[in-house]
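K.L.:
PDB, C-alpha atoms, file coords-v1.pdb:
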ATOM      1  CA  MET A  30      -3.399  17.502  30.413
ATOM      2  CA  GLU A  31      -5.697  20.500  30.095
ATOM      3  CA  CYS A  32      -9.247  19.918  28.904
ATOM      4  CA  GLY A  33     -10.011  21.149  25.410
ATOM      5  CA  ARG A  34      -6.429  21.165  24.180
ATOM      6  CA  VAL A  35      -5.637  18.877  21.311
ATOM      7  CA  ARG A  36      -2.105  17.612  21.068
ATOM      8  CA  GLN A  37      -0.506  15.325  18.588
ATOM      9  CA  ARG A  38       1.217  12.597  20.503
ATOM     10  CA  GLN A  39       2.555   9.108  20.283
ATOM     11  CA  LEU A  40       1.396   6.606  22.871
ATOM     12  CA  GLU A  41       3.577   3.810  24.064
ATOM     13  CA  LEU A  42       1.739   1.036  25.832
ATOM     14  CA  VAL A  43       3.196  -0.161  29.063
ATOM     15  CA  PHE A  44       1.970  -3.579  30.131
ATOM     16  CA  THR A  45       1.937  -4.397  33.809
ATOM     17  CA  ALA A  46       1.455  -7.731  35.475
ATOM     18  CA  GLY A  47      -1.884  -7.506  37.230
ATOM     19  CA  LEU A  48      -3.897  -4.541  38.415
ATOM     20  CA  ARG A  49      -3.123  -2.503  41.463
ATOM     21  CA  GLU A  50      -4.819   0.373  43.175
ATOM     22  CA  PRO A  51      -3.247   3.772  42.514
ATOM     23  CA  GLU A  52      -1.767   5.517  45.523
ATOM     24  CA  GLN A  53      -3.905   8.122  47.237
ATOM     25  CA  GLY A  54      -4.003  11.309  45.107
ATOM     26  CA  THR A  55      -2.087   9.881  42.158
ATOM     27  CA  TYR A  56      -3.228   8.406  38.893
ATOM     28  CA  GLN A  57      -1.051   6.138  36.821
ATOM     29  CA  GLU A  58      -2.014   6.011  33.166
ATOM     30  CA  PRO A  59      -1.651   2.669  31.341
ATOM     31  CA  TYR A  60       0.564   4.475  28.821
ATOM     32  CA  ARG A  61       3.125   7.178  28.774
ATOM     33  CA  ILE A  62       3.233  10.103  26.411
ATOM     34  CA  MET A  63       6.296  10.426  24.229
ATOM     35  CA  PRO A  64       7.036  12.829  21.411
ATOM     36  CA  ALA A  65       6.450  11.580  17.881
ATOM     37  CA  SER A  66      10.127  12.213  17.063
ATOM     38  CA  ALA A  67      11.108   9.578  19.657
ATOM     39  CA  ALA A  68       9.011   6.838  18.023
ATOM     40  CA  PRO A  69      11.058   4.139  16.312
ATOM     41  CA  ALA A  70      10.808   3.965  12.520
ATOM     42  CA  LEU A  71       8.793   1.010  11.265
ATOM     43  CA  VAL A  72      10.647  -0.823   8.520
ATOM     44  CA  PRO A  73       8.675  -3.192   6.277
ATOM     45  CA  PRO A  74      10.148  -6.636   5.643
ATOM     46  CA  ILE A  75      12.227  -7.157   2.496
ATOM     47  CA  ASP A  76      10.193  -9.009  -0.131
ATOM     48  CA  GLY A  77      12.987 -10.106  -2.474
ATOM     49  CA  ARG A  78      10.804 -10.758  -5.536
ATOM     50  CA  GLN A  79      11.357  -7.388  -7.223
ATOM     51  CA  SER A  80      14.456  -5.928  -8.796
ATOM     52  CA  GLN A  81      15.885  -2.666  -7.477
ATOM     53  CA  THR A  82      14.524  -0.936 -10.587
ATOM     54  CA  ALA A  83      11.016  -2.279  -9.946
ATOM     55  CA  LEU A  84      11.188  -1.153  -6.298
ATOM     56  CA  LYS A  85      12.161   2.367  -7.404
ATOM     57  CA  VAL A  86       9.314   2.490  -9.939
ATOM     58  CA  ALA A  87       6.884   1.265  -7.261
ATOM     59  CA  ARG A  88       8.043   3.960  -4.840
ATOM     60  CA  GLY A  89       7.741   6.793  -7.351
ATOM     61  CA  THR A  90       4.369   5.540  -8.589
ATOM     62  CA  ALA A  91       3.029   5.244  -5.034
ATOM     63  CA  ARG A  92       4.092   8.855  -4.379
ATOM     64  CA  LEU A  93       2.221  10.035  -7.475
ATOM     65  CA  LEU A  94      -0.908   8.094  -6.551
ATOM     66  CA  HIS A  95      -0.806   9.415  -2.995
ATOM     67  CA  ALA A  96      -0.606  12.969  -4.339
ATOM     68  CA  MET A  97      -3.691  12.159  -6.419
ATOM     69  CA  GLY A  98      -5.627  11.045  -3.308
ATOM     70  CA  TYR A  99      -5.149   7.281  -3.556
ATOM     71  CA  CYS A 100      -4.027   4.845  -0.861
ATOM     72  CA  VAL A 101      -1.635   2.243  -2.240
ATOM     73  CA  VAL A 102      -1.025  -1.389  -1.265
ATOM     74  CA  SER A 103       1.787  -3.356  -2.884
ATOM     75  CA  GLU A 104       1.847  -7.050  -3.754
ATOM     76  CA  LEU A 105      -1.856  -7.653  -3.123
ATOM     77  CA  PRO A 106      -3.101 -11.228  -3.685
ATOM     78  CA  LEU A 107      -6.203 -11.274  -5.901
ATOM     79  CA  ALA A 108      -9.148 -13.684  -5.920
ATOM     80  CA  SER A 109      -7.965 -15.024  -9.302
ATOM     81  CA  GLY A 110      -4.734 -16.265  -7.727
ATOM     82  CA  ARG A 111      -2.650 -13.486  -9.263
ATOM     83  CA  ARG A 112      -0.720 -10.917  -7.247
ATOM     84  CA  ALA A 113      -0.967  -7.251  -8.270
ATOM     85  CA  ASP A 114       2.200  -5.133  -7.999
ATOM     86  CA  LEU A 115       0.309  -2.043  -6.795
ATOM     87  CA  VAL A 116      -3.383  -1.565  -6.027
ATOM     88  CA  ALA A 117      -4.701   1.938  -5.374
ATOM     89  CA  LEU A 118      -7.979   2.827  -3.675
ATOM     90  CA  GLY A 119      -9.403   6.308  -4.293
ATOM     91  CA  ARG A 120     -11.564   8.396  -2.005
ATOM     92  CA  ASP A 121     -14.574   7.630  -4.189
ATOM     93  CA  GLY A 122     -13.903   3.867  -4.152
ATOM     94  CA  ASP A 123     -12.154   3.862  -7.535
ATOM     95  CA  ILE A 124      -9.717   0.917  -7.772
ATOM     96  CA  LEU A 125      -6.588   0.992  -9.927
ATOM     97  CA  ILE A 126      -4.105  -1.800 -10.541
ATOM     98  CA  ILE A 127      -0.599  -0.872 -11.613
ATOM     99  CA  GLU A 128       1.603  -3.553 -13.146
ATOM    100  CA  ILE A 129       5.301  -2.658 -12.935
ATOM    101  CA  LYS A 130       7.580  -3.542 -15.818
ATOM    102  CA  SER A 131      11.262  -2.724 -15.361
ATOM    103  CA  SER A 132      12.440  -3.776 -18.828
ATOM    104  CA  VAL A 133      11.301  -4.893 -22.274
ATOM    105  CA  ALA A 134      12.194  -8.494 -21.367
ATOM    106  CA  ASP A 135      10.078  -8.220 -18.199
ATOM    107  CA  PHE A 136       7.058  -7.113 -20.260
ATOM    108  CA  ARG A 137       7.497  -9.794 -22.928
ATOM    109  CA  ALA A 138       7.860 -12.568 -20.341
ATOM    110  CA  ASP A 139       4.567 -11.704 -18.651
ATOM    111  CA  GLY A 140       1.188 -12.450 -20.207
ATOM    112  CA  LYS A 141      -0.858 -12.526 -17.008
ATOM    113  CA  TRP A 142      -1.563  -8.793 -16.873
ATOM    114  CA  MET A 143      -4.821  -9.204 -18.830
ATOM    115  CA  ASP A 144      -6.305 -11.067 -15.841
ATOM    116  CA  TYR A 145      -5.969  -7.931 -13.688
ATOM    117  CA  ARG A 146      -8.769  -6.141 -15.539
ATOM    118  CA  MET A 147     -11.468  -8.083 -13.717
ATOM    119  CA  HIS A 148     -10.179  -6.677 -10.393
ATOM    120  CA  CYS A 149      -9.963  -2.940 -11.141
ATOM    121  CA  ASP A 150     -11.687   0.063 -12.694
ATOM    122  CA  ARG A 151      -8.545   1.073 -14.580
ATOM    123  CA  LEU A 152      -5.330  -0.800 -15.415
ATOM    124  CA  PHE A 153      -1.959   0.933 -15.724
ATOM    125  CA  PHE A 154       1.578  -0.138 -16.488
ATOM    126  CA  ALA A 155       4.406   1.653 -14.703
ATOM    127  CA  THR A 156       7.934   1.650 -16.066
ATOM    128  CA  THR A 157      11.157   3.636 -16.297
ATOM    129  CA  VAL A 158      12.011   6.235 -18.901
ATOM    130  CA  GLU A 159      14.465   3.745 -20.477
ATOM    131  CA  VAL A 160      11.687   1.331 -21.527
ATOM    132  CA  PRO A 161      10.045   2.346 -24.827
ATOM    133  CA  CYS A 162       6.395   3.317 -24.358
ATOM    134  CA  GLU A 163       5.398   1.769 -27.686
ATOM    135  CA  ILE A 164       5.595  -1.793 -26.336
ATOM    136  CA  PHE A 165       2.656  -1.289 -23.949
ATOM    137  CA  PRO A 166      -0.919  -2.004 -25.080
ATOM    138  CA  PRO A 167      -2.903   1.101 -26.100
ATOM    139  CA  ASP A 168      -5.950   0.030 -24.049
ATOM    140  CA  THR A 169      -4.077   0.434 -20.746
ATOM    141  CA  GLY A 170      -2.679   3.474 -18.977
ATOM    142  CA  LEU A 171       1.016   4.209 -18.714
ATOM    143  CA  ILE A 172       3.030   5.752 -15.880
ATOM    144  CA  VAL A 173       6.718   6.602 -16.179
ATOM    145  CA  ALA A 174       8.485   6.688 -12.821
ATOM    146  CA  ASP A 175      11.737   6.792 -10.937
ATOM    147  CA  ALA A 176      12.397   6.467  -7.196
ATOM    148  CA  PHE A 177      11.263  10.009  -6.446
ATOM    149  CA  GLY A 178       8.101  10.501  -8.458
ATOM    150  CA  ALA A 179       6.121   9.608 -11.535
ATOM    151  CA  GLN A 180       3.972  11.022 -14.308
ATOM    152  CA  ILE A 181       0.954   9.608 -16.101
ATOM    153  CA  VAL A 182       1.875   9.494 -19.784
ATOM    154  CA  CYS A 183      -1.359   7.890 -20.940
ATOM    155  CA  GLU A 184      -4.650   7.680 -19.018
ATOM    156  CA  ALA A 185      -6.203   4.240 -18.680
ATOM    157  CA  PRO A 186      -9.685   3.632 -20.080
ATOM    158  CA  GLU A 187     -12.313   2.983 -17.449
ATOM    159  CA  HIS A 188     -14.129  -0.333 -17.138
ATOM    160  CA  ARG A 189     -16.224  -0.135 -13.948
ATOM    161  CA  LEU A 190     -16.246  -3.070 -11.566
ATOM    162  CA  HIS A 191     -19.417  -4.875 -10.532
ATOM    163  CA  ALA A 192     -20.553  -3.953  -7.009
ATOM    164  CA  ALA A 193     -19.730  -7.366  -5.534
ATOM    165  CA  THR A 194     -16.197  -7.321  -6.995
ATOM    166  CA  ARG A 195     -15.668  -3.755  -5.758
ATOM    167  CA  LYS A 196     -16.698  -4.773  -2.239
ATOM    168  CA  SER A 197     -14.425  -7.833  -2.348
ATOM    169  CA  MET A 198     -11.438  -5.769  -3.549
ATOM    170  CA  THR A 199     -12.053  -3.007  -1.004
ATOM    171  CA  LEU A 200     -12.141  -5.584   1.804
ATOM    172  CA  ALA A 201      -8.968  -7.256   0.482
ATOM    173  CA  ILE A 202      -7.162  -3.895   0.460
ATOM    174  CA  ALA A 203      -8.390  -3.072   3.977
ATOM    175  CA  ARG A 204      -7.440  -6.470   5.411
ATOM    176  CA  ALA A 205      -3.989  -6.493   3.798
ATOM    177  CA  SER A 206      -3.303  -2.960   5.041
ATOM    178  CA  ALA A 207      -4.422  -3.741   8.597
ATOM    179  CA  LEU A 208      -2.507  -7.035   8.773
ATOM    180  CA  ARG A 209       0.669  -5.439   7.423
ATOM    181  CA  LEU A 210       0.463  -2.594   9.915
ATOM    182  CA  GLN A 211      -0.140  -5.029  12.771
ATOM    183  CA  SER A 212       2.806  -7.197  11.670
ATOM    184  CA  LEU A 213       5.072  -4.125  11.829
ATOM    185  CA  ILE A 214       3.804  -3.281  15.304
ATOM    186  CA  ASP A 215       4.060  -6.912  16.470
ATOM    187  CA  PRO A 216       6.682  -8.723  14.332
ATOM    188  CA  ALA A 217       6.448 -11.881  16.470
ATOM    189  CA  GLY A 218       2.678 -12.117  15.993
ATOM    190  CA  PRO A 219       0.812 -14.763  13.993
ATOM    191  CA  TYR A 220       0.244 -12.562  10.904
ATOM    192  CA  ALA A 221       2.912 -13.754   8.447
ATOM    193  CA  GLY A 222       0.735 -16.403   6.779
ATOM    194  CA  GLU A 223      -2.114 -13.944   6.206
ATOM    195  CA  ILE A 224      -0.157 -11.156   4.557
TER     196      ILE A 224
END
For the structure just supplied, provide its representation as C-alpha cells.

P.N.:
Amino acid sequence: MECGRVRQRQLELVFTAGLREPEQGTYQEPYRIMPASAAPALVPPIDGRQSQTALKVARGTARLLHAMGYCVVSELPLASGRRADLVALGRDGDILIIEIKSSVADFRADGKWMDYRMHCDRLFFATTVEVPCEIFPPDTGLIVADAFGAQIVCEAPEHRLHAATRKSMTLAIARASALRLQSLIDPAGPYAGEI
C-alpha cells in the first residue's frame, strides 16, 4: 500500500493460533483486504412484535429522519419500562420519539404514549395514509409514511429534556446501537440479553 493514499476497504480479521515470526523479507498482516462488494450483508434478527404495516411505516420514517440528519434506533427500552418504536438522535443532541400506529384500533388500544414525553424533546406519531389524521392528539407531531419514505404532516411541539435525562437517553441510544451492531458481527456472542 502506498503512503498517503486513502482507500475505502473492508477488513476481514483472520485469527491464527499463536504468534509466529514472519519469514525473512515478508510481512503477514493480521487481516486481508477485500473489496466492500464482497462483504456479506448483515441481516438484523426478526423481532416479530410488529405487523408488516408497522414495519413498513418504521422503514419509511427512518429514511425520512436519516435524510433530516437523525440517527434512528428502533425498539429502544426506556428508563420508565416502556419501549419506544423509534428514537432519533440529531446532530445537535435533539431526541425524538416516534410512536408507530398502523390502524385506528392500534391507536385506541394504546394509552401509554403519553409516558414517552419525559424521554424526548419532541413526540411524533407515524402512520399510513389510510389512518385518519384527526384521531391523533394535536399536541404531538404526525408523520405519514410507507415503506419507501415519509412526510411530516404536523410538526411536534418542543418540550426540552433536562440535562440528566438527555445524557441518559443519549447513552441508552449509543449502547443499544453498539450492542446491536456487535450482535450482528458476532451472532453467537453474549449480547442477546442486553439488546

K.L.:
Exactly which residues make up the result of the PyMOL selection byres ((chain A and resi 81-98) around 9) on this file, given as a PDB file with C-alpha atoms, keeping the file's coordinate frame?

P.N.:
ATOM      1  CA  GLN A  79      11.357  -7.388  -7.223  1.00  0.00           C
ATOM      2  CA  SER A  80      14.456  -5.928  -8.796  1.00  0.00           C
ATOM      3  CA  TYR A  99      -5.149   7.281  -3.556  1.00  0.00           C
ATOM      4  CA  CYS A 100      -4.027   4.845  -0.861  1.00  0.00           C
ATOM      5  CA  VAL A 101      -1.635   2.243  -2.240  1.00  0.00           C
ATOM      6  CA  VAL A 102      -1.025  -1.389  -1.265  1.00  0.00           C
ATOM      7  CA  SER A 103       1.787  -3.356  -2.884  1.00  0.00           C
ATOM      8  CA  ASP A 114       2.200  -5.133  -7.999  1.00  0.00           C
ATOM      9  CA  LEU A 115       0.309  -2.043  -6.795  1.00  0.00           C
ATOM     10  CA  ALA A 117      -4.701   1.938  -5.374  1.00  0.00           C
ATOM     11  CA  LEU A 118      -7.979   2.827  -3.675  1.00  0.00           C
ATOM     12  CA  GLY A 119      -9.403   6.308  -4.293  1.00  0.00           C
ATOM     13  CA  ARG A 120     -11.564   8.396  -2.005  1.00  0.00           C
ATOM     14  CA  ILE A 127      -0.599  -0.872 -11.613  1.00  0.00           C
ATOM     15  CA  ILE A 129       5.301  -2.658 -12.935  1.00  0.00           C
ATOM     16  CA  LYS A 130       7.580  -3.542 -15.818  1.00  0.00           C
ATOM     17  CA  SER A 131      11.262  -2.724 -15.361  1.00  0.00           C
ATOM     18  CA  SER A 132      12.440  -3.776 -18.828  1.00  0.00           C
ATOM     19  CA  ALA A 155       4.406   1.653 -14.703  1.00  0.00           C
ATOM     20  CA  THR A 156       7.934   1.650 -16.066  1.00  0.00           C
ATOM     21  CA  THR A 157      11.157   3.636 -16.297  1.00  0.00           C
ATOM     22  CA  ILE A 172       3.030   5.752 -15.880  1.00  0.00           C
ATOM     23  CA  VAL A 173       6.718   6.602 -16.179  1.00  0.00           C
ATOM     24  CA  ALA A 174       8.485   6.688 -12.821  1.00  0.00           C
ATOM     25  CA  ASP A 175      11.737   6.792 -10.937  1.00  0.00           C
ATOM     26  CA  ALA A 176      12.397   6.467  -7.196  1.00  0.00           C
ATOM     27  CA  PHE A 177      11.263  10.009  -6.446  1.00  0.00           C
ATOM     28  CA  GLY A 178       8.101  10.501  -8.458  1.00  0.00           C
ATOM     29  CA  ALA A 179       6.121   9.608 -11.535  1.00  0.00           C
ATOM     30  CA  GLN A 180       3.972  11.022 -14.308  1.00  0.00           C
ATOM     31  CA  ILE A 181       0.954   9.608 -16.101  1.00  0.00           C
TER      32      ILE A 181
END

K.L.:
CA of Thr169 in chain A and CA of Ala185 in chain A, how far apart in Å?

P.N.:
4.8 Å

K.L.:
To test your reading of the syntax: which residues would the PyMOL selection byres ((chain A and resi 104) around 10) return for the file shown? Reply as JSON, numbers by chain.

P.N.:
{"A": [76, 78, 102, 103, 105, 106, 107, 111, 112, 113, 114, 115, 116, 205, 224]}

K.L.:
Go through A:Leu152, A:Ile164, A:Ile124, A:Ala108 and flag the residue nearest Arg137 in chain A, using only C-alpha atoms for the distances.

P.N.:
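Using only C-alpha atoms, Arg137 in chain A sits closest to A:Ile164.
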
K.L.:
Using Å and a single decimal, report how far CA of Asp144 in chain A sits from CA of Met198 in chain A.

P.N.:
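Between these atoms lies a distance of 14.3 Å.
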
K.L.:
Ranking A:Glu163, A:Asp215, A:Glu187, A:Asp135 by minimum distance to Met147 in chain A and counting only C-alpha atoms, which one comes first?

P.N.:
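The answer is A:Glu187, which sits nearest to Met147 in chain A.
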
K.L.:
Would you work out the distance separating CA of Phe165 in chain A from CA of Phe136 in chain A, expressed in Å to one decimal?

P.N.:
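We find that CA of Phe165 in chain A and CA of Phe136 in chain A lie 8.2 Å from each other.
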
K.L.:
Could range 121-142 of chain A be completed with N, CA and C atoms and written as a PDB file, in the frame of the given file, please?

P.N.:
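Saved the output as out_30.pdb:
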ATOM      1  N   ASP A 121     -13.235   7.955  -3.696  1.00  0.00           N
ATOM      2  CA  ASP A 121     -14.574   7.630  -4.189  1.00  0.00           C
ATOM      3  C   ASP A 121     -14.776   6.133  -4.408  1.00  0.00           C
ATOM      4  N   GLY A 122     -13.801   5.311  -3.987  1.00  0.00           N
ATOM      5  CA  GLY A 122     -13.903   3.867  -4.152  1.00  0.00           C
ATOM      6  C   GLY A 122     -13.329   3.346  -5.453  1.00  0.00           C
ATOM      7  N   ASP A 123     -12.777   4.237  -6.271  1.00  0.00           N
ATOM      8  CA  ASP A 123     -12.154   3.862  -7.535  1.00  0.00           C
ATOM      9  C   ASP A 123     -10.947   2.960  -7.251  1.00  0.00           C
ATOM     10  N   ILE A 124     -10.811   1.862  -7.987  1.00  0.00           N
ATOM     11  CA  ILE A 124      -9.717   0.917  -7.772  1.00  0.00           C
ATOM     12  C   ILE A 124      -8.859   0.835  -9.027  1.00  0.00           C
ATOM     13  N   LEU A 125      -7.559   1.082  -8.843  1.00  0.00           N
ATOM     14  CA  LEU A 125      -6.588   0.992  -9.927  1.00  0.00           C
ATOM     15  C   LEU A 125      -5.637  -0.156  -9.635  1.00  0.00           C
ATOM     16  N   ILE A 126      -5.200  -0.843 -10.674  1.00  0.00           N
ATOM     17  CA  ILE A 126      -4.105  -1.800 -10.541  1.00  0.00           C
ATOM     18  C   ILE A 126      -2.986  -1.303 -11.437  1.00  0.00           C
ATOM     19  N   ILE A 127      -1.774  -1.310 -10.875  1.00  0.00           N
ATOM     20  CA  ILE A 127      -0.599  -0.872 -11.613  1.00  0.00           C
ATOM     21  C   ILE A 127       0.363  -2.042 -11.690  1.00  0.00           C
ATOM     22  N   GLU A 128       0.666  -2.473 -12.897  1.00  0.00           N
ATOM     23  CA  GLU A 128       1.603  -3.553 -13.146  1.00  0.00           C
ATOM     24  C   GLU A 128       2.949  -2.923 -13.497  1.00  0.00           C
ATOM     25  N   ILE A 129       3.980  -3.261 -12.748  1.00  0.00           N
ATOM     26  CA  ILE A 129       5.301  -2.658 -12.935  1.00  0.00           C
ATOM     27  C   ILE A 129       6.123  -3.525 -13.873  1.00  0.00           C
ATOM     28  N   LYS A 130       6.694  -2.877 -14.874  1.00  0.00           N
ATOM     29  CA  LYS A 130       7.580  -3.542 -15.818  1.00  0.00           C
ATOM     30  C   LYS A 130       8.888  -2.761 -15.876  1.00  0.00           C
ATOM     31  N   SER A 131       9.978  -3.417 -15.463  1.00  0.00           N
ATOM     32  CA  SER A 131      11.262  -2.724 -15.361  1.00  0.00           C
ATOM     33  C   SER A 131      12.110  -2.822 -16.620  1.00  0.00           C
ATOM     34  N   SER A 132      11.675  -3.644 -17.578  1.00  0.00           N
ATOM     35  CA  SER A 132      12.440  -3.776 -18.828  1.00  0.00           C
ATOM     36  C   SER A 132      11.537  -4.343 -19.917  1.00  0.00           C
ATOM     37  N   VAL A 133      12.032  -4.316 -21.145  1.00  0.00           N
ATOM     38  CA  VAL A 133      11.301  -4.893 -22.274  1.00  0.00           C
ATOM     39  C   VAL A 133      11.160  -6.403 -22.063  1.00  0.00           C
ATOM     40  N   ALA A 134      12.233  -7.052 -21.611  1.00  0.00           N
ATOM     41  CA  ALA A 134      12.194  -8.494 -21.367  1.00  0.00           C
ATOM     42  C   ALA A 134      11.156  -8.838 -20.299  1.00  0.00           C
ATOM     43  N   ASP A 135      11.061  -8.018 -19.263  1.00  0.00           N
ATOM     44  CA  ASP A 135      10.078  -8.220 -18.199  1.00  0.00           C
ATOM     45  C   ASP A 135       8.662  -8.172 -18.771  1.00  0.00           C
ATOM     46  N   PHE A 136       8.390  -7.221 -19.648  1.00  0.00           N
ATOM     47  CA  PHE A 136       7.058  -7.113 -20.260  1.00  0.00           C
ATOM     48  C   PHE A 136       6.756  -8.314 -21.158  1.00  0.00           C
ATOM     49  N   ARG A 137       7.720  -8.696 -21.982  1.00  0.00           N
ATOM     50  CA  ARG A 137       7.497  -9.794 -22.928  1.00  0.00           C
ATOM     51  C   ARG A 137       7.335 -11.139 -22.230  1.00  0.00           C
ATOM     52  N   ALA A 138       7.933 -11.296 -21.068  1.00  0.00           N
ATOM     53  CA  ALA A 138       7.860 -12.568 -20.341  1.00  0.00           C
ATOM     54  C   ALA A 138       6.558 -12.730 -19.565  1.00  0.00           C
ATOM     55  N   ASP A 139       5.751 -11.683 -19.509  1.00  0.00           N
ATOM     56  CA  ASP A 139       4.567 -11.704 -18.651  1.00  0.00           C
ATOM     57  C   ASP A 139       3.297 -11.526 -19.473  1.00  0.00           C
ATOM     58  N   GLY A 140       2.462 -12.555 -19.509  1.00  0.00           N
ATOM     59  CA  GLY A 140       1.188 -12.450 -20.207  1.00  0.00           C
ATOM     60  C   GLY A 140      -0.008 -12.431 -19.273  1.00  0.00           C
ATOM     61  N   LYS A 141       0.250 -12.433 -17.974  1.00  0.00           N
ATOM     62  CA  LYS A 141      -0.858 -12.526 -17.008  1.00  0.00           C
ATOM     63  C   LYS A 141      -1.544 -11.202 -16.726  1.00  0.00           C
ATOM     64  N   TRP A 142      -1.016 -10.109 -17.211  1.00  0.00           N
ATOM     65  CA  TRP A 142      -1.563  -8.793 -16.873  1.00  0.00           C
ATOM     66  C   TRP A 142      -3.009  -8.620 -17.327  1.00  0.00           C
TER      67      TRP A 142
END
